[in-house]
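Shown below: query26.txt, with compact mmCIF, C-alpha atoms.
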```
# COMPACT_ATOMS: atom_id res chain seq x y z
CA MET K 5 13.06 64.27 101.95
CA TRP K 6 14.58 61.30 100.08
CA LYS K 7 12.23 61.91 97.15
CA GLU K 8 13.38 65.52 96.82
CA PHE K 9 17.05 64.48 96.89
CA LEU K 10 16.38 61.96 94.11
CA ASN K 11 14.68 64.67 92.03
CA THR K 12 17.66 66.96 92.55
CA SER K 13 20.07 64.13 91.75
CA LYS K 14 18.37 63.49 88.41
CA ILE K 15 19.30 67.03 87.38
CA ALA K 16 22.66 66.91 89.13
CA GLY K 17 23.83 63.66 87.51
CA PRO K 18 24.52 65.05 84.01
CA LEU K 19 25.83 68.29 85.54
CA ILE K 20 28.31 66.35 87.65
CA ILE K 21 29.51 64.38 84.63
CA SER K 22 29.92 67.65 82.69
CA TYR K 23 31.93 69.25 85.50
CA VAL K 24 34.07 66.15 86.01
CA SER K 25 34.72 66.10 82.27
CA GLN K 26 35.89 69.70 82.38
CA ILE K 27 38.27 69.06 85.26
CA ALA K 28 39.36 65.84 83.56
CA LEU K 29 40.79 67.94 80.73
CA GLY K 30 43.26 69.35 83.26
CA LEU K 31 43.91 65.91 84.72
CA ILE K 32 44.69 64.53 81.26
CA ASP K 33 47.12 67.41 80.67
CA SER K 34 48.83 66.77 84.02
CA ALA K 35 49.02 63.01 83.45
CA MET K 36 50.55 63.46 79.98
CA ILE K 37 52.98 66.23 80.98
CA GLY K 38 54.07 64.84 84.36
CA PRO K 39 56.23 61.97 83.02
CA ILE K 40 58.12 64.38 80.70
CA ASP K 41 59.41 66.76 83.38
CA TYR K 42 58.15 67.55 86.88
CA ARG K 43 59.15 71.20 86.30
CA GLN K 44 56.65 71.38 83.44
CA LEU K 45 54.04 69.88 85.76
CA ALA K 46 54.93 72.61 88.26
CA ALA K 47 54.59 75.21 85.46
CA SER K 48 51.16 73.81 84.67
CA SER K 49 50.28 74.12 88.35
CA LEU K 50 51.46 77.75 88.44
CA VAL K 51 49.38 78.71 85.39
CA ILE K 52 46.29 76.89 86.64
CA ASN K 53 46.58 78.63 90.01
CA VAL K 54 46.99 82.09 88.48
CA LEU K 55 44.30 81.67 85.80
CA ALA K 56 41.85 80.15 88.27
CA ILE K 57 40.97 83.59 89.59
CA PRO K 58 39.92 85.25 86.28
CA MET K 59 38.45 81.97 85.01
CA VAL K 60 36.21 81.56 88.04
CA LEU K 61 35.23 85.22 87.97
CA GLY K 62 34.09 84.76 84.37
CA SER K 63 32.33 81.45 84.92
CA GLY K 64 30.69 82.81 88.07
CA LEU K 65 29.03 85.46 85.93
CA THR K 66 27.50 82.76 83.71
CA MET K 67 26.03 81.08 86.80
CA ALA K 68 23.48 83.88 87.03
CA ILE K 69 21.87 82.57 83.84
CA SER K 70 20.53 79.24 85.14
CA PRO K 71 18.54 80.48 88.21
CA LEU K 72 16.98 83.33 86.20
CA VAL K 73 16.02 80.92 83.41
CA ALA K 74 14.71 78.42 85.98
CA MET K 75 12.61 81.10 87.65
CA ALA K 76 11.19 82.22 84.29
CA ASN K 77 10.55 78.59 83.40
CA GLY K 78 8.68 78.10 86.69
CA ARG K 79 6.39 80.93 85.61
CA ASN K 80 6.12 79.57 82.01
CA ASP K 81 7.66 82.80 80.72
CA THR K 82 9.53 81.63 77.59
CA PHE K 83 10.12 85.21 76.42
CA LYS K 84 11.98 86.10 79.63
CA ALA K 85 14.04 82.91 79.43
CA SER K 86 15.01 83.76 75.85
CA ARG K 87 15.97 87.31 76.82
CA VAL K 88 18.14 85.98 79.66
CA LEU K 89 19.90 83.68 77.19
CA PHE K 90 20.87 86.47 74.79
CA ASN K 91 21.88 89.04 77.40
CA GLY K 92 23.76 86.44 79.42
CA PHE K 93 25.64 85.34 76.31
CA ILE K 94 26.63 88.91 75.44
CA LEU K 95 27.76 89.68 79.00
CA SER K 96 29.83 86.48 79.01
CA LEU K 97 31.48 87.46 75.72
CA ILE K 98 32.32 90.93 77.03
CA ALA K 99 33.71 89.47 80.25
CA ALA K 100 35.84 86.98 78.29
CA ILE K 101 37.34 89.71 76.09
CA ILE K 102 38.13 91.89 79.11
CA ILE K 103 39.76 88.97 80.95
CA VAL K 104 41.90 87.88 77.99
CA THR K 105 43.01 91.47 77.31
CA GLY K 106 44.06 91.86 80.94
CA ILE K 107 45.99 88.58 80.88
CA GLU K 108 47.81 89.49 77.65
CA LEU K 109 48.85 92.83 79.08
CA SER K 110 50.15 91.19 82.24
CA SER K 111 51.89 88.11 80.82
CA ASN K 112 55.19 89.07 82.54
CA PHE K 113 53.37 88.94 85.88
CA LEU K 114 54.59 85.36 86.37
CA ASN K 115 58.19 86.62 86.62
CA HIS K 116 57.39 88.42 89.86
CA LEU K 117 55.86 85.62 91.95
CA GLY K 118 59.07 84.24 93.41
CA GLN K 119 58.86 81.00 91.44
CA ASP K 120 61.62 78.77 90.04
CA GLU K 121 63.05 80.44 86.87
CA VAL K 122 62.86 77.30 84.75
CA VAL K 123 59.24 76.77 85.83
CA VAL K 124 58.36 80.34 84.77
CA GLN K 125 60.02 79.89 81.34
CA PHE K 126 57.78 76.90 80.68
CA ALA K 127 54.74 78.66 82.14
CA ILE K 128 54.54 81.96 80.18
CA PRO K 129 53.64 80.66 76.67
CA TYR K 130 51.25 78.12 78.21
CA TYR K 131 49.69 80.91 80.29
CA ARG K 132 48.90 83.00 77.20
CA MET K 133 47.48 80.08 75.23
CA MET K 134 45.22 79.00 78.09
CA ALA K 135 44.02 82.59 78.44
CA TRP K 136 42.72 82.65 74.86
CA SER K 137 40.90 79.36 75.42
CA MET K 138 38.80 81.12 78.07
CA ILE K 139 36.74 82.90 75.37
CA PRO K 140 35.18 79.72 73.94
CA MET K 141 35.00 78.24 77.43
CA LEU K 142 32.84 81.09 78.78
CA LEU K 143 30.60 81.04 75.69
CA PHE K 144 30.12 77.30 76.14
CA LEU K 145 29.29 77.83 79.82
CA ALA K 146 26.76 80.58 79.00
CA ALA K 147 24.94 78.29 76.56
CA LYS K 148 25.21 75.39 79.02
CA GLN K 149 23.75 77.44 81.89
CA PHE K 150 20.73 78.32 79.74
CA SER K 151 20.15 74.67 78.92
CA ASP K 152 20.72 73.64 82.54
CA GLY K 153 18.20 76.23 83.73
CA LEU K 154 15.60 74.49 81.58
CA GLU K 155 16.66 71.19 83.21
CA ILE K 156 17.98 69.98 79.84
CA THR K 157 21.35 68.81 81.06
CA LYS K 158 22.32 65.79 78.95
CA THR K 159 23.42 67.67 75.82
CA ALA K 160 26.28 69.54 77.48
CA MET K 161 27.16 66.36 79.37
CA LEU K 162 27.62 64.38 76.15
CA LEU K 163 29.70 67.14 74.58
CA SER K 164 31.90 67.32 77.68
CA LEU K 165 32.44 63.56 77.61
CA LEU K 166 33.27 63.52 73.91
CA SER K 167 35.78 66.32 74.44
CA LEU K 168 37.97 64.06 76.62
CA PRO K 169 39.24 61.58 74.02
CA PHE K 170 39.43 64.38 71.46
CA ASN K 171 41.57 66.50 73.80
CA ALA K 172 43.80 63.53 74.64
CA PHE K 173 44.31 62.87 70.92
CA LEU K 174 45.26 66.51 70.31
CA ASN K 175 47.60 66.37 73.33
CA TRP K 176 49.30 63.34 71.80
CA ILE K 177 49.83 65.27 68.57
CA PHE K 178 51.09 68.55 70.02
CA ILE K 179 52.90 67.37 73.18
CA TYR K 180 54.93 64.68 71.47
CA GLY K 181 55.08 66.09 67.92
CA LYS K 182 53.04 63.43 66.12
CA LEU K 183 51.51 63.46 62.61
CA GLY K 184 53.97 66.09 61.40
CA ALA K 185 53.32 68.58 64.24
CA PRO K 186 56.29 70.06 66.18
CA ARG K 187 57.02 68.70 69.67
CA LEU K 188 55.65 71.46 71.94
CA GLU K 189 55.32 69.63 75.27
CA LEU K 190 53.50 71.89 77.80
CA LEU K 191 52.54 74.51 75.19
CA GLY K 192 50.99 71.69 73.16
CA THR K 193 48.48 71.02 75.92
CA GLY K 194 47.38 74.67 75.73
CA ILE K 195 46.85 74.44 71.96
CA ALA K 196 44.88 71.21 72.39
CA THR K 197 42.68 72.80 75.06
CA LEU K 198 41.98 75.87 72.89
CA ILE K 199 40.92 73.77 69.89
CA THR K 200 38.75 71.49 72.05
CA ARG K 201 36.94 74.38 73.72
CA VAL K 202 36.25 76.16 70.42
CA ILE K 203 34.69 73.05 68.89
CA ILE K 204 32.40 72.11 71.80
CA ALA K 205 31.23 75.74 72.16
CA LEU K 206 30.28 75.92 68.47
CA ILE K 207 28.45 72.60 68.64
CA LEU K 208 26.37 73.51 71.72
CA ILE K 209 25.43 76.94 70.33
CA THR K 210 24.35 75.33 67.05
CA ILE K 211 22.21 72.77 68.91
CA ILE K 212 20.40 75.51 70.84
CA LEU K 213 19.73 77.44 67.65
CA LYS K 214 18.55 74.46 65.61
CA HIS K 215 17.12 71.73 67.86
CA ARG K 216 13.34 71.53 68.30
CA VAL K 217 13.62 71.28 72.11
CA TYR K 218 14.72 74.93 72.22
CA LYS K 219 12.39 76.10 69.43
CA GLN K 220 9.90 77.91 71.68
CA TYR K 221 12.75 80.01 73.13
CA VAL K 222 14.53 80.73 69.86
CA ALA K 223 11.14 81.76 68.39
CA HIS K 224 11.34 84.96 70.50
CA SER K 225 14.71 85.92 69.00
CA LYS K 226 13.47 88.88 66.94
CA LYS K 227 12.11 90.69 69.99
CA ALA K 228 13.96 89.12 72.91
CA TRP K 229 17.48 89.02 71.49
CA LYS K 230 18.33 92.64 72.16
CA LEU K 231 20.40 94.19 74.90
CA HIS K 232 17.97 94.89 77.72
CA TRP K 233 19.29 96.84 80.69
CA GLY K 234 16.75 95.39 83.14
CA THR K 235 17.79 91.83 82.28
CA CYS K 236 21.49 92.74 82.33
CA LYS K 237 20.97 94.31 85.75
CA GLU K 238 19.34 91.10 87.04
CA LEU K 239 22.20 89.03 85.64
CA LEU K 240 24.81 91.30 87.18
CA HIS K 241 22.94 91.43 90.51
CA ILE K 242 23.38 87.66 90.83
CA GLY K 243 26.43 87.21 88.61
CA ILE K 244 28.83 89.69 90.21
CA PRO K 245 28.39 88.39 93.79
CA SER K 246 28.49 84.80 92.45
CA SER K 247 31.72 85.62 90.64
CA LEU K 248 33.14 87.16 93.78
CA GLN K 249 32.11 84.15 95.87
CA TYR K 250 33.73 81.60 93.59
CA GLY K 251 36.53 84.00 92.76
CA MET K 252 37.47 84.48 96.41
CA GLU K 253 37.42 80.74 97.00
CA SER K 254 39.45 80.03 93.88
CA ALA K 255 41.80 82.90 94.65
CA ALA K 256 42.37 81.43 98.10
CA PHE K 257 43.48 78.15 96.53
CA SER K 258 45.49 80.00 93.89
CA VAL K 259 47.31 82.23 96.36
CA SER K 260 47.95 79.19 98.50
CA GLY K 261 49.43 77.44 95.47
CA ILE K 262 51.72 80.40 94.85
CA MET K 263 52.80 80.39 98.51
CA ILE K 264 53.52 76.67 98.26
CA GLY K 265 55.65 77.51 95.20
CA TRP K 266 57.92 79.45 97.58
CA LEU K 267 58.69 76.08 99.16
CA GLY K 268 60.05 74.77 95.83
CA ALA K 269 58.95 72.98 92.66
CA THR K 270 58.59 69.64 94.46
CA ALA K 271 56.05 70.94 96.97
CA GLN K 272 54.21 72.82 94.23
CA ALA K 273 53.93 69.74 92.01
CA ALA K 274 52.65 67.70 94.99
CA HIS K 275 50.12 70.41 95.82
CA GLN K 276 48.85 70.39 92.23
CA ILE K 277 48.40 66.62 92.25
CA ALA K 278 46.43 66.65 95.50
CA LEU K 279 44.43 69.68 94.37
CA ASN K 280 43.60 68.02 91.03
CA ILE K 281 42.15 65.05 92.90
CA ALA K 282 40.24 67.24 95.37
CA SER K 283 38.94 69.39 92.50
CA THR K 284 37.61 66.28 90.78
CA THR K 285 35.53 65.24 93.80
CA PHE K 286 34.39 68.85 94.20
CA MET K 287 32.76 68.72 90.76
CA ALA K 288 30.06 66.44 92.14
CA SER K 289 29.41 68.97 94.91
CA LEU K 290 29.24 71.73 92.31
CA GLY K 291 26.73 69.68 90.30
CA LEU K 292 24.54 69.23 93.38
CA SER K 293 24.90 72.94 94.10
CA LEU K 294 23.73 73.99 90.64
CA ALA K 295 20.91 71.42 90.58
CA GLY K 296 19.73 72.61 93.98
CA SER K 297 19.97 76.22 92.81
CA ILE K 298 17.88 75.46 89.71
CA ARG K 299 15.19 73.60 91.66
CA VAL K 300 15.07 76.22 94.42
CA ALA K 301 14.79 79.03 91.83
CA ASN K 302 11.97 77.18 90.06
CA ALA K 303 10.05 76.67 93.33
CA PHE K 304 10.89 80.22 94.44
CA GLY K 305 9.45 81.55 91.16
CA ARG K 306 6.18 79.73 91.96
CA ASN K 307 6.33 81.01 95.57
CA ASP K 308 6.35 77.45 96.92
CA GLN K 309 8.38 78.20 100.07
CA LYS K 310 7.74 74.81 101.65
CA LEU K 311 9.26 73.06 98.65
CA VAL K 312 12.24 75.46 98.73
CA LEU K 313 13.01 74.32 102.27
CA GLN K 314 12.55 70.62 101.45
CA ILE K 315 14.86 70.84 98.44
CA GLY K 316 17.48 72.67 100.48
CA LYS K 317 17.46 70.27 103.43
CA SER K 318 17.67 67.18 101.23
CA THR K 319 20.52 68.63 99.15
CA ILE K 320 22.53 69.60 102.24
CA LEU K 321 22.12 66.10 103.73
CA GLY K 322 23.15 64.57 100.40
CA GLY K 323 26.26 66.75 100.38
CA LEU K 324 27.15 65.64 103.90
CA ALA K 325 26.95 61.98 102.92
CA TYR K 326 28.93 62.50 99.73
CA GLY K 327 31.71 64.42 101.51
CA PHE K 328 32.03 61.68 104.12
CA VAL K 329 32.46 58.98 101.46
CA CYS K 330 35.07 61.07 99.61
CA GLY K 331 37.04 61.60 102.81
CA ILE K 332 37.22 57.86 103.45
CA LEU K 333 38.42 57.22 99.88
CA PHE K 334 41.11 59.90 100.14
CA ILE K 335 42.57 58.21 103.22
CA ALA K 336 42.27 54.70 101.83
CA LEU K 337 43.96 55.59 98.52
CA GLN K 338 46.43 58.23 99.73
CA TYR K 339 49.48 56.34 98.40
CA GLN K 340 47.98 55.04 95.13
CA LEU K 341 46.38 58.21 93.72
CA PRO K 342 49.55 60.37 93.47
CA LEU K 343 51.24 57.66 91.38
CA LEU K 344 48.75 58.38 88.59
CA PHE K 345 50.44 61.76 88.08
CA THR K 346 54.13 61.40 88.94
CA ARG K 347 57.02 58.95 89.23
CA ASN K 348 58.96 61.23 91.57
CA ALA K 349 58.97 59.58 95.01
CA GLU K 350 59.36 62.84 96.95
CA VAL K 351 56.48 64.53 95.09
CA ALA K 352 54.25 61.47 95.64
CA ALA K 353 55.06 61.36 99.37
CA ILE K 354 54.11 65.00 99.93
CA ALA K 355 50.95 64.59 97.84
CA SER K 356 49.86 61.58 99.92
CA THR K 357 50.12 63.67 103.12
CA LEU K 358 48.08 66.47 101.56
CA LEU K 359 45.39 63.98 100.50
CA VAL K 360 44.91 62.95 104.14
CA LEU K 361 44.37 66.59 105.06
CA GLY K 362 42.11 66.96 102.03
CA ALA K 363 39.96 64.16 103.42
CA PHE K 364 39.05 66.35 106.39
CA PHE K 365 37.61 69.18 104.30
CA GLN K 366 35.56 67.03 101.90
CA ILE K 367 32.35 67.44 103.93
CA SER K 368 32.73 71.20 104.42
CA ASP K 369 33.83 71.66 100.79
CA ALA K 370 30.70 69.89 99.54
CA THR K 371 28.24 71.61 101.87
CA GLN K 372 29.64 75.13 101.44
CA ALA K 373 29.26 74.80 97.65
CA ILE K 374 25.69 73.61 98.13
CA GLY K 375 24.95 76.47 100.53
CA VAL K 376 26.11 79.03 97.96
CA GLY K 377 23.93 77.43 95.26
CA LEU K 378 20.80 77.21 97.41
CA LEU K 379 21.08 80.84 98.46
CA ARG K 380 21.66 81.89 94.84
CA GLY K 381 18.40 80.14 93.92
CA ARG K 382 16.67 82.47 96.39
CA HIS K 383 18.53 85.47 94.90
CA ASP K 384 20.36 85.83 98.23
CA VAL K 385 23.91 86.67 97.13
CA ARG K 386 25.26 89.72 98.98
CA MET K 387 25.61 88.44 102.56
CA PRO K 388 26.93 85.04 101.38
CA THR K 389 29.69 86.93 99.55
CA LEU K 390 30.71 88.57 102.83
CA PHE K 391 30.65 85.17 104.57
CA VAL K 392 33.00 83.71 101.95
CA ALA K 393 35.36 86.70 102.21
CA ILE K 394 35.64 86.36 105.98
CA ALA K 395 36.02 82.56 105.99
CA TYR K 396 38.81 82.46 103.42
CA TRP K 397 40.63 85.76 103.53
CA VAL K 398 40.28 86.88 107.13
CA ILE K 399 40.66 83.44 108.71
CA GLY K 400 41.70 80.59 106.38
CA ILE K 401 44.56 82.11 104.34
CA PRO K 402 46.26 84.02 107.20
CA PHE K 403 46.10 80.99 109.49
CA GLY K 404 47.46 78.73 106.73
CA TYR K 405 50.33 81.13 106.13
CA TYR K 406 51.08 81.25 109.85
CA LEU K 407 51.24 77.46 110.11
CA ALA K 408 53.23 77.02 106.88
CA PHE K 409 55.94 79.62 107.42
CA THR K 410 55.94 80.61 111.10
CA LYS K 411 55.40 77.11 112.47
CA ASN K 412 57.37 75.53 109.57
CA MET K 413 54.60 73.09 108.65
CA GLY K 414 55.12 73.69 104.94
CA ALA K 415 52.39 72.71 102.47
CA SER K 416 50.49 70.88 105.23
CA GLY K 417 50.00 74.17 107.07
CA ILE K 418 48.40 75.74 104.00
CA TRP K 419 46.01 72.80 103.70
CA ILE K 420 45.00 73.05 107.34
CA GLY K 421 44.05 76.64 106.50
CA PHE K 422 41.77 75.20 103.78
CA ILE K 423 40.04 73.02 106.37
CA ILE K 424 39.35 75.97 108.66
CA GLY K 425 38.15 78.34 105.92
CA LEU K 426 35.86 75.82 104.23
CA SER K 427 34.32 74.72 107.53
CA ILE K 428 33.48 78.26 108.62
CA SER K 429 32.05 79.08 105.18
CA SER K 430 29.85 75.97 105.22
CA ILE K 431 28.40 76.69 108.66
CA LEU K 432 27.59 80.33 107.87
CA LEU K 433 26.04 79.69 104.44
CA ASN K 434 23.84 76.73 105.33
CA THR K 435 22.66 78.28 108.59
CA ARG K 436 21.54 81.37 106.66
CA PHE K 437 19.68 79.32 104.04
CA LEU K 438 17.84 77.18 106.59
CA LYS K 439 16.85 80.16 108.76
CA SER K 440 15.62 82.31 105.87
CA SER K 441 13.75 79.42 104.23
CA LYS K 442 12.06 78.38 107.47
CA ALA K 443 10.99 82.01 108.07
CA SER K 444 9.55 82.30 104.54
CA ALA K 445 7.70 78.98 104.80
CA ALA K 446 6.25 79.97 108.20
CA ALA K 447 5.14 83.37 106.90
CA ILE K 448 3.30 81.97 103.90
CA ALA K 449 1.62 79.04 105.71
CA PRO K 450 -1.28 81.16 107.16
CA LEU K 451 -1.96 82.64 103.71
CA LEU K 452 -2.19 79.16 102.19
CA ALA K 453 -4.53 78.05 104.98
CA LYS K 454 -6.88 80.99 104.32
CA SER K 455 -6.94 80.28 100.59
CA VAL K 456 -8.00 76.70 101.32
```
In structure tokens, how does this file's structure come out?
Amino acid sequence: MWKEFLNTSKIAGPLIISYVSQIALGLIDSAMIGPIDYRQLAASSLVINVLAIPMVLGSGLTMAISPLVAMANGRNDTFKASRVLFNGFILSLIAAIIIVTGIELSSNFLNHLGQDEVVVQFAIPYYRMMAWSMIPMLLFLAAKQFSDGLEITKTAMLLSLLSLPFNAFLNWIFIYGKLGAPRLELLGTGIATLITRVIIALILITIILKHRVYKQYVAHSKKAWKLHWGTCKELLHIGIPSSLQYGMESAAFSVSGIMIGWLGATAQAAHQIALNIASTTFMASLGLSLAGSIRVANAFGRNDQKLVLQIGKSTILGGLAYGFVCGILFIALQYQLPLLFTRNAEVAAIASTLLVLGAFFQISDATQAIGVGLLRGRHDVRMPTLFVAIAYWVIGIPFGYYLAFTKNMGASGIWIGFIIGLSISSILLNTRFLKSSKASAAAIAPLLAKSV
């Protein structure tokens, strides 16, 4: 069991660093904008909450690429892996264009969410700029998912790490008006993010096209790099439910953020600080989820059901341990962490309370992400989507609203709703994976015995 977790961790390590680097871009923005004006930090929070839904829907579609590539790789089918790369890239581009078009046409949507007027004035131009940056982001993720599916994870990790100082430098230029640039404050962070995402996407795509490691896959380009309905159908079969799963979870947090905005800019800023921290720890869970999905898909492609179960069990146990450690750290550092993002005492006090509540859903947050990934590796995506919908939208969000506004618990009530929704989702997803994997392993055991 320990051996399998170590094997999964070797793949997960670079993935975790990549995901943490991506979320760190938002943390850098918040840390550099927060001292200027807490209302601009609140505007950043509003935009991040609203864009999280389309962004996760788009990135969820790219997540279909890695398990299909891993399964093809398990069967030594380089042609299929190459075809998945091209069709996945095209679908990601189409999705990005549709998303950005929809956002541009609905830019006045922010005026109708019951938010502070000054916050909305800051938010709208930032909202549009961040929307355009989603095109290079999704193309980068499509290329990254292909590479990850081949278990080549360090390239994207290095690019993600290098993007951090580069983004901070561009923030310094555009936020504060350095080196002859105008002082743009919050809008400047959007421009910096757009430039950063364009550059790292171009670099990763160039590496895949030119580096010898990918040569055997690129060699099929003349025949494989065509739109193929069968491959698109496979990608959509996994990608659409995956998008819905992550989209419903992200939407739950986004809608909750909007509801917290009804409580005022102070509560919203505090919520964003606590959520930024929780999102950072979640990136490790997401890395374990994707690594487990890749390994399960590879073993599933070779019909090694026993290994599928071993990988799943070890990854779930690893997620439990990780979530427990994160929860302890949240409680121990509840007063220190908010001070990294704000100097406003009231905002910091609310954020510290939310971090304590966040400590209680670290285990369920980690294990529910892992459960989704493991099931996706088995191509089991429809029922998990229903589980996520029930956990968040039938139970978690309504109960959080009830506590926040009927019982007057404010932002804390919303976060208690998070705890309930994540816990139910985790139990349902992991129970399904373990039951289905045990059944498959039991069914194939007699066949293996006869072959011996």
Spatial neighbours of K:Ala256, max dist 9 Å, all atoms listed in the file, sep filter under 6 positions, as a PDB file with C-alpha atoms, in the frame of the given file:
```pdb
ATOM      1  CA  ILE K  57      40.970  83.590  89.590  1.00  0.00           C
ATOM      2  CA  TYR K 396      38.810  82.460 103.420  1.00  0.00           C
ATOM      3  CA  TRP K 397      40.630  85.760 103.530  1.00  0.00           C
ATOM      4  CA  GLY K 400      41.700  80.590 106.380  1.00  0.00           C
ATOM      5  CA  ILE K 401      44.560  82.110 104.340  1.00  0.00           C
ATOM      6  CA  PHE K 422      41.770  75.200 103.780  1.00  0.00           C
TER       7      PHE K 422
END
```
- Query: At a cut-off of 12 Å from (13.1, 70.4, 103.0) in the coordinates of the file, what residues are picked up using only C-alpha atoms, written as a PyMOL selection string?
  - Reply: chain K and resi 5-9+12+296+299-300+303+308-322+378+437-439+441-442+445
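Nearest-residue note for K:Arg79: choosing from K:Ala301, K:Leu97, K:Ile20, K:Leu143, the minimum distance belongs to K:Ala301, counting all atoms listed in the file.
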Students should find that atom CA of K:Ile207 and atom CA of K:Asp152 are spaced 15.9 Å
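Between atom CA of K:Leu208 and atom CA of K:Ala35 there is a distance of 27.6 Å.
Distance check against K:Ala274 using all atoms listed in the file: of K:Leu45, K:Ala146, K:Ile335, K:Ile32, the minimum falls on K:Leu45.
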If you count all atoms listed in the file, the residue of K:Ala370, K:Leu433, K:Met141, K:Ile399 closest to K:Phe328 turns out to be K:Ala370
Would you mind putting back N, CA and C atoms on stretch 138-157 of chain K, then writing it out as an mmCIF file, in the coordinates of the input?
```cif
data_model
loop_
_atom_site.group_PDB
_atom_site.id
_atom_site.type_symbol
_atom_site.label_atom_id
_atom_site.label_comp_id
_atom_site.auth_asym_id
_atom_site.auth_seq_id
_atom_site.Cartn_x
_atom_site.Cartn_y
_atom_site.Cartn_z
ATOM 1 N N MET K 138 39.884 80.734 77.171
ATOM 2 C CA MET K 138 38.800 81.120 78.070
ATOM 3 C C MET K 138 37.618 81.737 77.323
ATOM 4 N N ILE K 139 37.852 82.310 76.136
ATOM 5 C CA ILE K 139 36.740 82.900 75.370
ATOM 6 C C ILE K 139 35.740 81.817 74.970
ATOM 7 N N PRO K 140 36.156 80.764 74.251
ATOM 8 C CA PRO K 140 35.180 79.720 73.940
ATOM 9 C C PRO K 140 34.647 79.005 75.164
ATOM 10 N N MET K 141 35.464 78.908 76.227
ATOM 11 C CA MET K 141 35.000 78.240 77.430
ATOM 12 C C MET K 141 33.816 78.984 78.059
ATOM 13 N N LEU K 142 33.919 80.318 78.170
ATOM 14 C CA LEU K 142 32.840 81.090 78.780
ATOM 15 C C LEU K 142 31.586 81.107 77.905
ATOM 16 N N LEU K 143 31.757 81.107 76.578
ATOM 17 C CA LEU K 143 30.600 81.040 75.690
ATOM 18 C C LEU K 143 29.909 79.689 75.806
ATOM 19 N N PHE K 144 30.685 78.638 75.923
ATOM 20 C CA PHE K 144 30.120 77.300 76.140
ATOM 21 C C PHE K 144 29.349 77.269 77.463
ATOM 22 N N LEU K 145 29.940 77.839 78.517
ATOM 23 C CA LEU K 145 29.290 77.830 79.820
ATOM 24 C C LEU K 145 27.993 78.644 79.814
ATOM 25 N N ALA K 146 27.972 79.770 79.084
ATOM 26 C CA ALA K 146 26.760 80.580 79.000
ATOM 27 C C ALA K 146 25.619 79.779 78.350
ATOM 28 N N ALA K 147 25.940 79.111 77.239
ATOM 29 C CA ALA K 147 24.940 78.290 76.560
ATOM 30 C C ALA K 147 24.518 77.114 77.445
ATOM 31 N N LYS K 148 25.488 76.530 78.131
ATOM 32 C CA LYS K 148 25.210 75.390 79.020
ATOM 33 C C LYS K 148 24.308 75.811 80.177
ATOM 34 N N GLN K 149 24.563 76.975 80.767
ATOM 35 C CA GLN K 149 23.750 77.440 81.890
ATOM 36 C C GLN K 149 22.299 77.678 81.469
ATOM 37 N N PHE K 150 22.097 78.158 80.246
ATOM 38 C CA PHE K 150 20.730 78.320 79.740
ATOM 39 C C PHE K 150 20.038 76.974 79.660
ATOM 40 N N SER K 151 20.712 76.009 79.061
ATOM 41 C CA SER K 151 20.150 74.670 78.920
ATOM 42 C C SER K 151 19.920 74.024 80.286
ATOM 43 N N ASP K 152 20.858 74.204 81.191
ATOM 44 C CA ASP K 152 20.720 73.640 82.540
ATOM 45 C C ASP K 152 19.529 74.254 83.271
ATOM 46 N N GLY K 153 19.319 75.566 83.092
ATOM 47 C CA GLY K 153 18.200 76.230 83.730
ATOM 48 C C GLY K 153 16.855 75.689 83.300
ATOM 49 N N LEU K 154 16.813 75.129 82.087
ATOM 50 C CA LEU K 154 15.600 74.490 81.580
ATOM 51 C C LEU K 154 15.524 73.027 81.993
ATOM 52 N N GLU K 155 16.520 72.589 82.763
ATOM 53 C CA GLU K 155 16.660 71.190 83.210
ATOM 54 C C GLU K 155 16.915 70.249 82.040
ATOM 55 N N ILE K 156 17.516 70.788 80.972
ATOM 56 C CA ILE K 156 17.980 69.980 79.840
ATOM 57 C C ILE K 156 19.493 69.887 79.978
ATOM 58 N N THR K 157 19.951 68.859 80.637
ATOM 59 C CA THR K 157 21.350 68.810 81.060
ATOM 60 C C THR K 157 22.196 67.780 80.310
#
```
